[in-house]
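This is coords.csv (CSV, C-alpha atoms).
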chain,number,residue,atom,x,y,z
A,11,MET,CA,86.9,116.5,101.3
A,12,LEU,CA,85.4,116.2,97.9
A,13,SER,CA,85.4,119.9,97.5
A,14,TYR,CA,87.2,119.7,94.1
A,15,ARG,CA,85.1,120.5,91.1
A,16,HIS,CA,86.7,120.2,87.7
A,17,ASN,CA,84.4,122.7,86.2
A,18,PHE,CA,86.5,125.4,87.8
A,19,HIS,CA,89.6,124.1,85.9
A,20,ALA,CA,88.4,122.5,82.7
A,21,GLY,CA,90.3,123.3,79.6
A,22,ASN,CA,93.4,124.6,81.5
A,23,HIS,CA,97.0,123.7,80.5
A,24,ALA,CA,96.9,120.5,82.5
A,25,ASP,CA,93.8,119.4,80.6
A,26,ILE,CA,95.5,120.1,77.3
A,27,LEU,CA,98.4,117.8,78.2
A,28,LYS,CA,96.1,115.1,79.6
A,29,HIS,CA,93.5,115.1,76.8
A,30,SER,CA,95.9,115.5,73.8
A,31,THR,CA,97.9,112.6,75.2
A,32,LEU,CA,94.8,110.6,75.7
A,33,MET,CA,93.7,111.3,72.1
A,34,LEU,CA,97.1,109.9,70.9
A,35,LEU,CA,96.5,106.7,72.8
A,36,LEU,CA,93.0,106.3,71.5
A,37,GLU,CA,94.2,106.9,68.0
A,38,THR,CA,96.5,103.9,68.5
A,39,MET,CA,93.6,101.8,69.8
A,40,VAL,CA,91.4,102.4,66.7
A,41,GLN,CA,94.2,101.6,64.3
A,42,LYS,CA,93.2,97.9,64.8
A,43,ASP,CA,89.8,96.4,64.3
A,44,LYS,CA,90.0,94.6,67.7
A,45,PRO,CA,87.8,96.2,70.4
A,46,PHE,CA,89.2,97.9,73.4
A,47,THR,CA,88.2,98.8,77.0
A,48,VAL,CA,88.9,102.0,78.8
A,49,LEU,CA,88.6,102.4,82.6
A,50,ASP,CA,88.4,106.0,83.6
A,51,THR,CA,88.6,106.2,87.4
A,52,HIS,CA,87.8,109.9,87.9
A,53,GLY,CA,85.3,111.0,85.3
A,54,GLY,CA,84.2,114.4,86.6
A,55,GLY,CA,81.3,115.9,84.7
A,56,GLY,CA,82.3,114.6,81.3
A,57,ILE,CA,81.5,117.8,79.5
A,58,TYR,CA,82.0,121.4,80.8
A,59,ASN,CA,80.3,124.7,80.0
A,60,LEU,CA,82.9,127.3,79.2
A,61,ASP,CA,80.5,130.0,80.4
A,62,ASN,CA,80.1,128.5,83.9
A,63,PRO,CA,80.8,131.0,86.7
A,64,GLY,CA,83.6,128.9,88.3
A,65,LEU,CA,85.5,128.7,85.1
A,66,LEU,CA,85.0,132.4,84.3
A,67,HIS,CA,86.2,133.2,87.8
A,68,THR,CA,89.5,131.2,87.6
A,69,GLY,CA,90.1,132.2,83.9
A,70,GLU,CA,91.9,128.9,83.4
A,71,ALA,CA,90.1,127.9,80.2
A,72,GLU,CA,90.7,131.4,78.8
A,73,LYS,CA,94.5,131.0,79.4
A,74,GLY,CA,94.3,127.4,78.3
A,75,ILE,CA,92.2,125.9,75.6
A,76,LEU,CA,90.6,129.2,74.4
A,77,THR,CA,94.0,130.8,73.9
A,78,PHE,CA,95.3,127.6,72.3
A,79,LEU,CA,92.4,127.4,69.8
A,80,ASP,CA,92.6,131.1,69.0
A,81,THR,CA,96.3,130.9,68.4
A,82,VAL,CA,96.6,127.7,66.4
A,83,GLN,CA,97.6,128.2,62.8
A,84,TYR,CA,95.7,125.3,61.2
A,85,ALA,CA,98.0,125.2,58.2
A,86,GLU,CA,100.9,124.5,60.6
A,87,LEU,CA,99.1,122.3,63.1
A,88,PRO,CA,101.0,119.0,63.7
A,89,SER,CA,99.1,115.9,62.7
A,90,THR,CA,99.4,114.7,66.3
A,91,LEU,CA,97.0,117.4,67.4
A,92,GLU,CA,94.5,117.4,64.6
A,93,ASN,CA,91.8,115.2,66.2
A,94,TYR,CA,92.1,116.9,69.6
A,95,VAL,CA,91.8,120.3,68.0
A,96,ARG,CA,89.0,119.3,65.8
A,97,LEU,CA,87.0,117.9,68.7
A,98,CYS,CA,87.6,120.8,71.0
A,99,SER,CA,86.8,123.3,68.2
A,100,HIS,CA,83.5,121.6,67.6
A,101,TYR,CA,82.5,121.6,71.2
A,102,ARG,CA,83.6,125.2,71.6
A,103,GLN,CA,80.9,126.2,69.0
A,104,LYS,CA,78.4,125.3,71.8
A,105,ASN,CA,80.5,126.9,74.5
A,106,LEU,CA,81.6,123.4,75.7
A,107,TYR,CA,84.8,121.6,76.5
A,108,PRO,CA,85.0,117.7,76.3
A,109,GLY,CA,86.4,116.0,79.4
A,110,SER,CA,88.1,112.6,79.2
A,111,PRO,CA,84.9,110.5,79.2
A,112,GLU,CA,83.5,112.5,76.2
A,113,ILE,CA,86.8,112.3,74.3
A,114,ILE,CA,86.9,108.5,74.9
A,115,ARG,CA,83.2,108.2,73.7
A,116,SER,CA,84.0,110.2,70.6
A,117,MET,CA,86.7,107.6,69.6
A,118,MET,CA,84.8,104.5,70.5
A,119,ARG,CA,83.4,102.0,68.0
A,120,GLU,CA,80.5,99.7,68.5
A,121,LYS,CA,82.3,96.9,70.3
A,122,ASP,CA,84.5,99.2,72.5
A,123,LYS,CA,83.6,99.7,76.2
A,124,LEU,CA,84.1,102.5,78.7
A,125,PHE,CA,83.8,102.1,82.4
A,126,VAL,CA,83.9,105.5,84.2
A,127,ALA,CA,83.6,106.3,87.9
A,128,GLU,CA,82.8,109.5,89.8
A,129,LEU,CA,82.5,109.9,93.6
A,130,HIS,CA,81.2,113.5,93.9
A,131,SER,CA,77.5,113.5,94.5
A,132,THR,CA,76.8,116.5,92.2
A,133,GLU,CA,79.3,115.6,89.5
A,134,ILE,CA,77.8,112.1,89.1
A,135,GLU,CA,74.4,113.5,88.1
A,136,VAL,CA,76.1,115.9,85.6
A,137,LEU,CA,78.1,113.0,84.2
A,138,ARG,CA,75.1,110.8,83.8
A,139,ASP,CA,73.2,113.6,82.0
A,140,ASN,CA,76.1,114.5,79.7
A,141,LEU,CA,76.7,110.9,78.7
A,142,SER,CA,73.1,110.1,78.1
A,143,THR,CA,73.3,111.9,74.7
A,144,GLN,CA,75.3,111.2,71.6
A,145,PRO,CA,78.8,112.7,71.3
A,146,LEU,CA,78.9,115.7,69.0
A,147,LEU,CA,81.6,114.0,66.9
A,148,CYS,CA,82.5,110.3,66.5
A,149,TYR,CA,85.3,108.4,64.9
A,150,GLN,CA,84.4,106.9,61.6
A,151,GLU,CA,86.6,105.8,58.6
A,152,GLY,CA,89.7,107.2,60.1
A,153,GLN,CA,88.3,110.7,61.1
A,154,LEU,CA,86.0,112.5,63.5
A,155,LEU,CA,82.6,113.0,61.8
A,156,GLN,CA,79.1,114.1,63.0
A,157,ASN,CA,77.0,111.1,62.2
A,158,LYS,CA,76.7,108.0,64.4
A,159,ASP,CA,74.4,105.0,64.1
A,160,PHE,CA,75.0,103.5,67.5
A,161,THR,CA,75.3,104.4,71.2
A,162,PRO,CA,78.7,103.9,72.7
A,163,SER,CA,78.8,101.3,75.5
A,164,VAL,CA,79.4,103.2,78.7
A,165,THR,CA,79.0,102.0,82.3
A,166,ILE,CA,78.9,104.7,84.9
A,167,HIS,CA,79.9,103.9,88.5
A,168,TYR,CA,78.9,106.1,91.3
A,169,GLY,CA,81.6,105.6,93.9
A,170,ASN,CA,85.3,105.4,94.5
A,171,GLY,CA,87.3,105.1,91.3
A,172,PHE,CA,90.1,103.2,92.9
A,173,GLU,CA,87.6,100.6,94.1
A,174,MET,CA,86.0,100.5,90.6
A,175,LEU,CA,89.3,99.7,89.1
A,176,LYS,CA,90.0,96.9,91.5
A,177,ALA,CA,86.6,95.3,90.7
A,178,ARG,CA,86.9,95.7,86.9
A,179,VAL,CA,90.4,94.5,86.3
A,180,PRO,CA,91.0,92.5,84.2
A,181,PRO,CA,88.1,93.4,81.9
A,182,GLN,CA,86.6,90.9,79.5
A,183,ILE,CA,88.2,92.8,76.6
A,184,LYS,CA,91.8,92.8,77.5
A,185,ARG,CA,93.1,95.3,75.0
A,186,GLY,CA,92.8,98.7,76.6
A,187,ILE,CA,93.7,101.7,78.7
A,188,ILE,CA,93.5,102.7,82.4
A,189,LEU,CA,93.2,106.4,83.0
A,190,MET,CA,93.6,107.7,86.5
A,191,ASP,CA,93.6,111.4,87.4
A,192,PRO,CA,92.4,112.0,91.0
A,193,SER,CA,92.0,115.5,92.4
A,194,TYR,CA,95.0,115.1,94.8
A,195,GLU,CA,93.1,116.8,97.5
A,196,THR,CA,94.0,114.2,100.2
A,197,ASP,CA,97.1,112.2,101.2
A,198,SER,CA,95.4,109.1,100.0
A,199,ASP,CA,95.3,110.5,96.5
A,200,TYR,CA,99.1,110.2,96.5
A,201,ARG,CA,99.1,106.7,98.0
A,202,GLU,CA,96.2,105.0,96.2
A,203,PRO,CA,97.6,105.4,92.6
A,204,VAL,CA,100.7,103.4,93.6
A,205,THR,CA,98.9,100.5,95.3
A,206,THR,CA,95.9,100.4,92.9
A,207,LEU,CA,97.9,100.6,89.7
A,208,THR,CA,100.5,98.1,90.9
A,209,SER,CA,97.7,95.7,91.6
A,210,ALA,CA,96.0,96.4,88.3
A,211,TYR,CA,99.3,95.8,86.4
A,212,LYS,CA,99.7,92.4,88.1
A,213,LYS,CA,96.2,91.4,86.9
A,214,TRP,CA,96.3,93.1,83.5
A,215,PRO,CA,100.0,93.5,82.4
A,216,SER,CA,99.2,94.4,78.8
A,217,ALA,CA,97.1,97.5,79.7
A,218,ILE,CA,98.3,100.9,78.8
A,219,ILE,CA,98.3,102.6,82.2
A,220,VAL,CA,98.0,106.4,82.3
A,221,LEU,CA,98.4,108.4,85.5
A,222,TRP,CA,98.1,112.2,85.5
A,223,TYR,CA,99.3,114.3,88.4
A,224,PRO,CA,99.8,118.0,89.1
A,225,LEU,CA,103.3,119.6,89.6
A,226,LEU,CA,103.0,121.5,92.9
A,227,VAL,CA,105.7,123.2,94.8
A,228,HIS,CA,104.4,122.2,98.2
A,229,ARG,CA,104.0,118.6,97.1
A,230,LYS,CA,107.2,118.1,95.2
A,231,GLU,CA,108.7,115.4,97.4
A,232,THR,CA,105.4,113.5,97.8
A,233,LEU,CA,104.9,113.5,94.0
A,234,HIS,CA,108.5,112.3,93.4
A,235,THR,CA,108.0,109.5,95.9
A,236,MET,CA,104.7,108.5,94.3
A,237,LYS,CA,106.2,108.4,90.8
A,238,ALA,CA,109.4,106.7,91.8
A,239,LYS,CA,107.6,104.0,93.7
A,240,LEU,CA,105.1,103.2,90.9
A,241,ILE,CA,107.9,103.0,88.3
A,242,GLU,CA,109.9,100.7,90.6
A,243,ASN,CA,106.9,98.5,91.2
A,244,ILE,CA,106.1,98.2,87.5
A,245,LEU,CA,109.6,97.5,86.4
A,246,SER,CA,110.0,94.8,89.1
A,247,LEU,CA,106.8,93.1,87.9
A,248,ASN,CA,107.8,93.2,84.2
A,249,THR,CA,108.7,89.5,84.2
A,250,THR,CA,107.8,89.1,80.5
A,251,HIS,CA,110.5,91.6,79.7
A,252,SER,CA,108.2,93.7,77.6
A,253,ASP,CA,109.9,96.2,75.3
A,254,LYS,CA,107.2,98.7,75.8
A,255,PRO,CA,108.6,101.5,78.0
A,256,ILE,CA,107.3,103.7,80.8
A,257,LEU,CA,107.2,107.3,79.7
A,258,THR,CA,106.8,110.5,81.7
A,259,ALA,CA,105.7,113.6,79.8
A,260,SER,CA,105.5,117.0,81.5
A,261,LEU,CA,104.2,120.4,80.4
A,262,LEU,CA,105.3,123.4,82.5
A,263,VAL,CA,103.8,126.9,82.1
A,264,HIS,CA,106.1,128.3,84.9
A,265,GLY,CA,109.3,127.3,86.6
A,266,PRO,CA,109.0,125.6,90.0
A,267,GLU,CA,110.1,128.6,92.0
A,268,GLN,CA,108.5,129.3,95.3
A,269,ASP,CA,106.8,132.5,94.1
A,270,THR,CA,105.1,130.9,91.1
A,271,PRO,CA,101.4,129.7,91.2
A,272,ARG,CA,100.9,126.4,93.1
A,273,LEU,CA,100.2,124.5,89.9
A,274,TYR,CA,103.2,125.3,87.6
A,275,GLY,CA,102.6,122.3,85.3
A,276,SER,CA,101.5,118.7,85.2
A,277,GLU,CA,102.8,115.3,84.1
A,278,MET,CA,101.6,112.1,82.6
A,279,LEU,CA,103.1,108.7,83.5
A,280,ILE,CA,102.4,106.1,80.8
A,281,VAL,CA,103.1,102.4,81.3
A,282,ASN,CA,103.3,100.2,78.2
A,283,ALA,CA,103.6,103.3,76.0
A,284,PRO,CA,102.7,102.4,72.4
A,285,TYR,CA,105.1,102.4,69.5
A,286,MET,CA,105.9,105.9,68.3
A,287,LEU,CA,104.2,107.7,71.3
A,288,GLU,CA,107.4,109.2,72.4
A,289,GLU,CA,108.1,110.6,69.0
A,290,LYS,CA,104.5,112.0,68.7
A,291,LEU,CA,104.8,113.7,72.1
A,292,LYS,CA,108.1,115.3,71.0
A,293,ILE,CA,106.1,117.0,68.3
A,294,THR,CA,103.0,117.8,70.4
A,295,LEU,CA,104.5,119.2,73.6
A,296,PRO,CA,106.8,121.9,72.2
A,297,TYR,CA,104.0,123.1,70.0
A,298,VAL,CA,101.6,123.4,72.9
A,299,GLN,CA,104.2,125.0,75.2
A,300,THR,CA,105.1,127.6,72.6
A,301,ILE,CA,101.5,128.7,72.4
A,302,LEU,CA,100.6,128.6,76.1
A,303,SER,CA,103.8,129.9,77.7
A,304,PRO,CA,106.5,130.8,75.1
A,305,LEU,CA,108.8,132.5,77.6
A,306,LYS,CA,108.4,130.8,81.0
A,307,GLY,CA,107.2,127.3,79.9
A,308,ASN,CA,109.0,124.1,79.3
A,309,TRP,CA,108.4,120.4,78.5
A,310,HIS,CA,110.2,117.1,79.3
A,311,ILE,CA,110.0,113.5,78.2
A,312,LYS,CA,111.8,110.7,80.0
A,313,LYS,CA,111.8,107.0,79.3
A,314,TYR,CA,112.2,104.1,81.7
A,315,LEU,CA,112.9,100.5,80.6
Spell out the structure here as structure tokens.
Amino acid sequence: MLSYRHNFHAGNHADILKHSTLMLLLETMVQKDKPFTVLDTHGGGGIYNLDNPGLLHTGEAEKGILTFLDTVQYAELPSTLENYVRLCSHYRQKNLYPGSPEIIRSMMREKDKLFVAELHSTEIEVLRDNLSTQPLLCYQEGQLLQNKDFTPSVTIHYGNGFEMLKARVPPQIKRGIILMDPSYETDSDYREPVTTLTSAYKKWPSAIIVLWYPLLVHRKETLHTMKAKLIENILSLNTTHSDKPILTASLLVHGPEQDTPRLYGSEMLIVNAPYMLEEKLKITLPYVQTILSPLKGNWHIKKYL
């Protein structure tokens, strides 16, 4: 238990899906002057060294974000990826990759708030250290720049992210995002997202809820059950008849055949998807897939109302 360390996998294809989608959601948040709250239930280390031995051993960043940044033709880069690529390129200059808490901090304004949890006893110290300094870039005047005259409001919780979410929902600032991406090491990591996010939706129905999960051959039925149950719960609770859909967006680098690597892709489930997100993902996903896996890869988007 708690053997998972994201610094072995940072910057892989799953991170590119997760973080580029997160960036699109944050771009929606900053379009309005109203402040927002983000609850990140599994923060990891926040920032990752691309030269760390674990990452060099797996080669996942090399096949993921490094290949992506080296292949991108900036003249043809979709606008939906500009901020994500700019941020990653800037951190790469220092052999770093920004995780979700750092991406969120980079897009925060003075009144915005981030609550982030981490349970791993080693990762929590790394997270605290990484988030004690200013982000390398920050969102100002509609773009990511280097100067910042304030410290983003971040509360770090050492403990169970599911419990943190239960305690913090609804937040004082009720415009915002819940991001959940457990390690899926244990059976509870497949049960807790359904119960915790269903409860969170009851208390905070306007939140954009984002659940990331791996696509694994040996967990195919379990993942299907988790996704189907959460969608069923949310749709049954949508008593206000919100016209904001639930979206699932997947990025595959292999087909799900038995002889492929265990992680053949990943998927995001997004509740209360903002206006135009589906259209933006239809631009982002094929571009990323073509670079990372032009022959074996694929992408899918599905809408639930």
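All residues of protein, DNA or RNA that reach within 9 Å of Thr294 (chain A), judged by all atoms listed in the file and not counting those fewer than 2 positions away in the chain, are Ser30, Thr31, Pro88, Ser89, Thr90, Leu91, Glu289, Lys290, Leu291, Lys292, Pro296, Tyr297, Val298 and Gln299 of chain A.
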Exercise. Determine, counting all atoms listed in the file, which protein, DNA and RNA residues have an atom within 10 Å of an atom of Gly53 (chain A); residues of the same chain fewer than 5 positions away are not included. Present the result as a ChimeraX atom specification.
Key: /A:16,109-112,125-130,133-134,137,166-167,171,189-192
Quiz prompt | Atomic separation - CA of Cys98 (chain A) relative to CA of Asn62 (chain A), Å | solution =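 Separating CA of Asn62 (chain A) from CA of Cys98 (chain A) is a distance of 16.8 Å.
Take the candidates A:Ser216, A:Leu221, A:Pro63, A:Gly56 and check each one against Leu141 (chain A) using all atoms listed in the file; the shortest distance goes to A:Gly56.
Counting all atoms listed in the file, Phe46 (chain A) has the following residues at most 8 Å away, ignoring those fewer than 3 positions along the same chain: Met39, Lys121, Asp122, Lys123, Ile183, Lys184, Arg185, Gly186 and Ile187 of chain A.
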Quiz item: Which one of A:Glu277, A:Asp50, A:Asp61, A:Glu86 sits closest to Lys28 (chain A) if you count all atoms listed in the file?
Solution: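 Counting all atoms listed in the file, the residue closest to Lys28 (chain A) is A:Glu277.
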Self-check item: Protein/DNA/RNA residues near (91.5, 97.6, 83.5), cut 7 Å, only C-alpha atoms, as a list in words
Solution: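 The residues near that point, listed by chain and number, are Val48, Leu49, Leu175, Arg178, Val179, Pro180, Pro181, Ile187, Ile188, Ala210, Trp214 and Ala217 of chain A.
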Exercise. Would you mind telling me which residue in A:Pro203, A:Gly169, A:Gly21, A:Gly74 lies nearest to Ala238 (chain A) when using all atoms listed in the file?
Key: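 Checking each of A:Pro203, A:Gly169, A:Gly21, A:Gly74 against Ala238 (chain A), counting all atoms listed in the file, the winner is A:Pro203.
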Self-check item: Minimum-distance residue to Leu262 (chain A), chosen among A:Thr300, A:Thr132, A:Asn243, A:Thr38 (using only C-alpha atoms)
Solution: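 Of A:Thr300, A:Thr132, A:Asn243, A:Thr38, the one nearest Leu262 (chain A) is A:Thr300, counting only C-alpha atoms.
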Practice problem: Mind listing whatever residues come within 10 Å of the point (89.8, 122.7, 67.7)? Use all atoms listed in the file, file coordinates, and give them as a ChimeraX atom specification. | Solution: /A:75-76,78-80,82,84,91-103
Quiz prompt | Closest of A:Ala71, A:Leu315, A:Leu279, A:Ala177 to His23 (chain A) - atom-to-atom distances counting all atoms listed in the file | solution =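 Result for the nearest residue to His23 (chain A): A:Ala71.
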Quiz item: Which residue, A:Leu261, A:Met117, A:Leu273, A:Val164, has the smallest gap to Ile301 (chain A) when you use all atoms listed in the file?
Solution: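 Going through A:Leu261, A:Met117, A:Leu273, A:Val164 one by one, the smallest distance to Ile301 (chain A) is for A:Leu261.
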Exercise. Could you check how far CA of Ser198 (chain A) sits from CA of Ser131 (chain A), in Å to one decimal?
Key: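 Distance reported for this atom pair: 19.2 Å.
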Quiz item: What is the CA of Pro255 (chain A) to CA of Val281 (chain A) distance in Å?
Solution: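 Interatomic distance here is 6.5 Å.
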Considering all atoms listed in the file, return as a compact mmCIF listing (two decimals) with C-alpha atoms, keeping the file's coordinate frame whatever protein or nucleic-acid residues lie within 10 Å of Leu245 (chain A), sequence-local ones (same chain, fewer than 4 positions apart) excluded.
# COMPACT_ATOMS: atom_id res chain seq x y z
CA LYS A 239 107.60 104.00 93.70
CA LEU A 240 105.10 103.20 90.90
CA ILE A 241 107.90 103.00 88.30
CA THR A 249 108.70 89.50 84.20
CA HIS A 251 110.50 91.60 79.70
CA SER A 252 108.20 93.70 77.60
CA PRO A 255 108.60 101.50 78.00
CA ILE A 256 107.30 103.70 80.80
CA VAL A 281 103.10 102.40 81.30
CA TYR A 314 112.20 104.10 81.70
CA LEU A 315 112.90 100.50 80.60
Quiz item: Do you know which residues are at most 8 Å from Lys176 (chain A) counting all atoms listed in the file, after dropping those on the same chain fewer than 4 positions away, and could you put them as an NGL selection string?
Solution: :A and (172 or 206 or 209-210)
